[in-house]
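Text of protein-v6.txt (compact mmCIF, C-alpha atoms) as supplied:
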```
# COMPACT_ATOMS: atom_id res chain seq x y z
CA MET G 76 97.10 84.68 82.91
CA GLY G 77 93.45 85.57 82.64
CA ALA G 78 91.90 88.10 80.32
CA SER G 79 89.79 91.11 81.15
CA GLY G 80 87.84 92.09 78.08
CA GLY G 81 90.10 89.93 75.90
CA TRP G 82 93.36 91.87 76.26
CA PHE G 83 96.38 92.01 78.53
CA VAL G 84 98.72 94.84 79.49
CA GLY G 85 102.26 93.48 79.29
CA ASP G 86 102.47 90.57 81.71
CA THR G 87 99.87 92.07 84.03
CA VAL G 88 96.15 91.63 83.58
CA SER G 89 94.41 94.97 83.12
CA MET G 90 91.48 94.86 85.52
CA ARG G 91 88.57 97.25 85.98
CA TYR G 92 87.71 98.36 89.51
CA SER G 93 85.05 100.61 90.94
CA GLY G 94 86.06 104.24 91.26
CA ALA G 95 86.39 104.13 95.06
CA GLY G 96 88.54 100.99 95.08
CA ARG G 97 90.80 102.40 92.40
CA VAL G 98 91.32 105.64 94.33
CA ARG G 99 92.03 103.89 97.63
CA GLY G 100 94.45 101.50 95.95
CA ALA G 101 96.15 104.31 94.06
CA LEU G 102 96.54 106.45 97.20
CA TRP G 103 98.04 103.55 99.15
CA ARG G 104 100.43 102.67 96.32
CA TRP G 105 101.42 106.34 95.95
CA ALA G 106 102.08 106.76 99.68
CA ARG G 107 104.04 103.51 99.91
CA SER G 108 106.28 104.37 96.94
CA GLY G 109 106.70 108.07 97.69
CA GLY G 110 104.94 108.88 94.43
CA PHE G 111 107.58 107.20 92.27
CA ARG G 112 106.52 104.86 89.47
CA MET G 113 109.87 103.70 88.07
CA MET G 114 112.10 103.83 91.15
CA GLN G 115 111.94 101.72 94.28
CA LEU G 116 114.04 103.32 96.99
CA ASN G 117 115.41 101.66 100.11
CA VAL G 118 116.81 103.58 103.08
CA VAL G 119 120.09 104.32 101.31
CA GLY G 120 118.24 105.50 98.18
CA TRP G 121 115.99 107.83 100.18
CA ALA G 122 119.05 109.21 101.98
CA ALA G 123 120.87 109.76 98.68
CA LEU G 124 117.83 111.59 97.34
CA LEU G 125 116.90 113.74 100.34
CA VAL G 126 120.15 114.47 102.20
CA PRO G 127 121.80 116.63 99.49
CA GLY G 128 118.63 118.72 99.23
CA ALA G 129 118.43 119.04 103.01
CA ILE G 130 122.08 120.15 103.16
CA LEU G 131 121.49 122.75 100.45
CA GLY G 132 118.41 123.91 102.35
CA LEU G 133 120.47 124.24 105.54
CA VAL G 134 123.16 126.25 103.78
CA SER G 135 120.63 128.56 102.12
CA ALA G 136 118.75 129.00 105.43
CA ARG G 137 122.03 129.94 107.14
CA LEU G 138 122.81 132.47 104.40
CA LEU G 139 119.31 133.96 104.57
CA SER G 140 119.16 133.93 108.39
CA ALA G 141 116.14 131.65 108.36
CA SER G 142 115.22 128.64 110.48
CA ALA G 143 117.60 125.72 109.93
CA MET G 144 114.82 123.13 110.34
CA MET G 145 112.63 124.92 107.83
CA GLY G 146 115.52 125.21 105.36
CA ALA G 147 116.38 121.49 105.67
CA ALA G 148 112.74 120.48 105.24
CA ILE G 149 112.23 122.71 102.21
CA GLY G 150 115.48 121.48 100.65
CA ALA G 151 114.46 117.83 101.14
CA VAL G 152 111.01 118.48 99.67
CA ILE G 153 112.52 120.23 96.64
CA ALA G 154 114.90 117.28 96.09
CA TRP G 155 111.97 114.84 96.35
CA ALA G 156 109.86 116.90 93.92
CA LEU G 157 112.72 117.06 91.42
CA GLY G 158 113.18 113.29 91.66
CA LEU G 159 109.43 112.84 91.17
CA VAL G 160 109.45 114.98 88.02
CA ILE G 161 112.38 113.01 86.56
CA ASP G 162 110.69 109.71 87.43
CA THR G 163 107.40 110.80 85.83
CA VAL G 164 109.12 111.89 82.62
CA ARG G 165 110.93 108.52 82.43
CA TRP G 166 107.68 106.62 83.15
CA ARG G 167 105.72 108.45 80.45
CA ALA G 168 108.43 107.63 77.89
CA SER G 169 108.64 103.93 78.84
CA GLY G 170 107.17 101.31 76.53
CA ILE G 171 104.00 99.29 76.94
CA CYS G 172 102.46 96.39 74.99
CA PHE G 173 98.82 95.41 74.71
CA SER G 174 98.40 91.79 73.68
CA CYS G 175 95.16 91.39 71.72
CA PRO G 176 94.42 87.66 71.23
CA ASP G 177 90.71 88.10 70.43
CA VAL G 178 90.94 91.08 68.08
CA PRO G 179 91.26 90.39 64.33
CA ARG G 180 94.27 91.86 62.50
CA ALA G 181 92.11 94.06 60.25
CA ALA G 182 90.45 95.67 63.27
CA LEU G 183 93.87 96.27 64.87
CA ASP G 184 95.18 97.85 61.66
CA ARG G 185 92.17 100.17 61.58
CA LEU G 186 92.54 101.02 65.29
CA VAL G 187 96.29 101.75 65.05
CA GLY G 188 95.69 103.89 61.96
CA GLU G 189 93.08 105.94 63.84
CA LEU G 190 95.38 106.24 66.86
CA GLN G 191 98.29 107.42 64.72
CA THR G 192 96.03 109.97 63.03
CA GLY G 193 95.17 111.27 66.51
CA GLY G 194 98.85 111.73 67.40
CA VAL G 195 99.35 108.50 69.38
CA GLU G 196 102.60 106.62 68.79
CA ALA G 197 101.49 103.02 68.20
CA SER G 198 102.56 100.03 66.11
CA ILE G 199 101.49 96.42 65.65
CA GLU G 200 103.83 93.49 66.23
CA ALA G 201 103.38 89.74 66.25
CA ASP G 202 103.50 88.32 69.78
CA MET G 203 105.70 85.23 69.61
CA GLN G 204 104.86 84.25 73.19
CA GLY G 205 101.11 84.22 72.81
CA PRO G 206 98.88 82.02 74.97
CA ASP G 207 98.25 79.63 72.06
CA ALA G 208 101.37 78.46 70.18
CA ASP G 209 99.35 77.59 67.06
CA LYS G 210 97.69 80.98 66.75
CA THR G 211 99.50 84.23 65.88
CA VAL G 212 98.64 86.89 68.44
CA PHE G 213 99.24 90.55 67.67
CA GLN G 214 100.14 93.24 70.14
CA ILE G 215 100.02 97.01 70.09
CA ARG G 216 103.28 98.64 71.20
CA SER G 217 103.22 102.22 72.45
CA ARG G 218 104.36 104.54 75.27
CA MET G 219 102.90 104.79 78.78
CA ARG G 220 101.73 108.36 78.16
CA PHE G 221 99.22 106.96 75.62
CA ARG G 222 98.10 104.03 77.83
CA ARG G 223 94.68 105.38 78.79
CA ILE G 224 93.79 106.35 75.24
CA ILE G 225 94.67 102.88 73.92
CA GLU G 226 92.89 101.12 76.83
CA ARG G 227 89.74 103.15 76.15
CA ARG G 228 89.85 102.41 72.41
CA LEU G 229 90.43 98.68 73.01
CA ALA G 230 87.52 98.60 75.46
CA GLU G 231 85.30 100.27 72.84
CA LEU G 232 86.52 97.75 70.27
CA ASN G 233 85.72 94.80 72.57
CA THR G 234 82.25 96.06 73.47
CA SER G 235 81.15 96.65 69.87
```
Please, can you express the file's structure as structure tokens?
Amino acid sequence: MGASGGWFVGDTVSMRYSGAGRVRGALWRWARSGGFRMMQLNVVGWAALLVPGAILGLVSARLLSASAMMGAAIGAVIAWALGLVIDTVRWRASGICFSCPDVPRAALDRLVGELQTGGVEASIEADMQGPDADKTVFQIRSRMRFRRIIERRLAELNTS
């Protein structure tokens, strides 16, 4: 595992890309996953998500004397959007760890104190599986909804 700026995000290296590369990669990932971050759906999963919404759309289109195809499509889209909202809420509440092998404990304490003052849920823990068994490595534990704030603050800490 290599470091980018001296810190890792979970088991994945946090890498910096140019704006264009990040957008293209994000759009491809979004299209491939259907917009979901926590769920990976196969054919059966997509059917279980979309078919009930399509059936409800068909029934409501029949009751409203509207086009059956339009009703099925709208019902499927509504089911997908509801699944996307639930997935996003679950993703934002999921945990994340930032391993900080090159940052001194005093600086981490100061950083976490400032983050908590700003309303960010964050805590410091000792990382028992650090890259060097002889050295205690500390990690910041938080929620995904605060990921960008913590990444930005760690980048500022590493550049100063």
Quick one: residues within 12 Å of Gly193 of chain G, only C-alpha atoms counted, chain neighbours fewer than 5 positions away excluded, as a PyMOL selection string?
-> chain G and resi 186-188+221+224-225+228
Neighbouring residues of segment 212-216 of chain G were defined as those with any atom within 9 Å, considering all atoms listed in the file; residues of the same chain fewer than 2 positions away were excluded. Please report them as a compact mmCIF listing (two decimals) with C-alpha atoms, keeping the file's coordinate frame.
```
# COMPACT_ATOMS: atom_id res chain seq x y z
CA GLY G 170 107.17 101.31 76.53
CA ILE G 171 104.00 99.29 76.94
CA CYS G 172 102.46 96.39 74.99
CA PHE G 173 98.82 95.41 74.71
CA SER G 174 98.40 91.79 73.68
CA CYS G 175 95.16 91.39 71.72
CA PRO G 176 94.42 87.66 71.23
CA ASP G 177 90.71 88.10 70.43
CA VAL G 178 90.94 91.08 68.08
CA PRO G 179 91.26 90.39 64.33
CA ARG G 180 94.27 91.86 62.50
CA LEU G 183 93.87 96.27 64.87
CA VAL G 187 96.29 101.75 65.05
CA GLU G 196 102.60 106.62 68.79
CA ALA G 197 101.49 103.02 68.20
CA SER G 198 102.56 100.03 66.11
CA ILE G 199 101.49 96.42 65.65
CA GLU G 200 103.83 93.49 66.23
CA ALA G 201 103.38 89.74 66.25
CA ASP G 202 103.50 88.32 69.78
CA MET G 203 105.70 85.23 69.61
CA GLN G 204 104.86 84.25 73.19
CA GLY G 205 101.11 84.22 72.81
CA PRO G 206 98.88 82.02 74.97
CA ASP G 207 98.25 79.63 72.06
CA LYS G 210 97.69 80.98 66.75
CA ARG G 218 104.36 104.54 75.27
CA ILE G 225 94.67 102.88 73.92
```
Pick out the residues sitting within 12 Å of Phe111 of chain G, and hand them over as a ChimeraX atom specification; count only C-alpha atoms, and ignore anything fewer than 6 positions along from it in its own chain.
-> /G:101,104-105,121,155-166
Counting all atoms listed in the file, select every polymer residue within 12 Å of (113.6, 118.0, 104.2) as defined in the file's coordinates, and provide the selection as an MDAnalysis selection string.
-> chainID G and resid 121:122 124:133 143:156
What is the distance between atom CA of Arg220 of chain G and atom CA of Gly194 of chain G, in Å to one decimal?
->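 If I compute the distance from atom CA of Arg220 of chain G to atom CA of Gly194 of chain G, I get 11.6 Å.
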Atom-to-atom span, atom CA of Leu232 of chain G and atom CA of Ala168 of chain G, Å | 25.2 Å
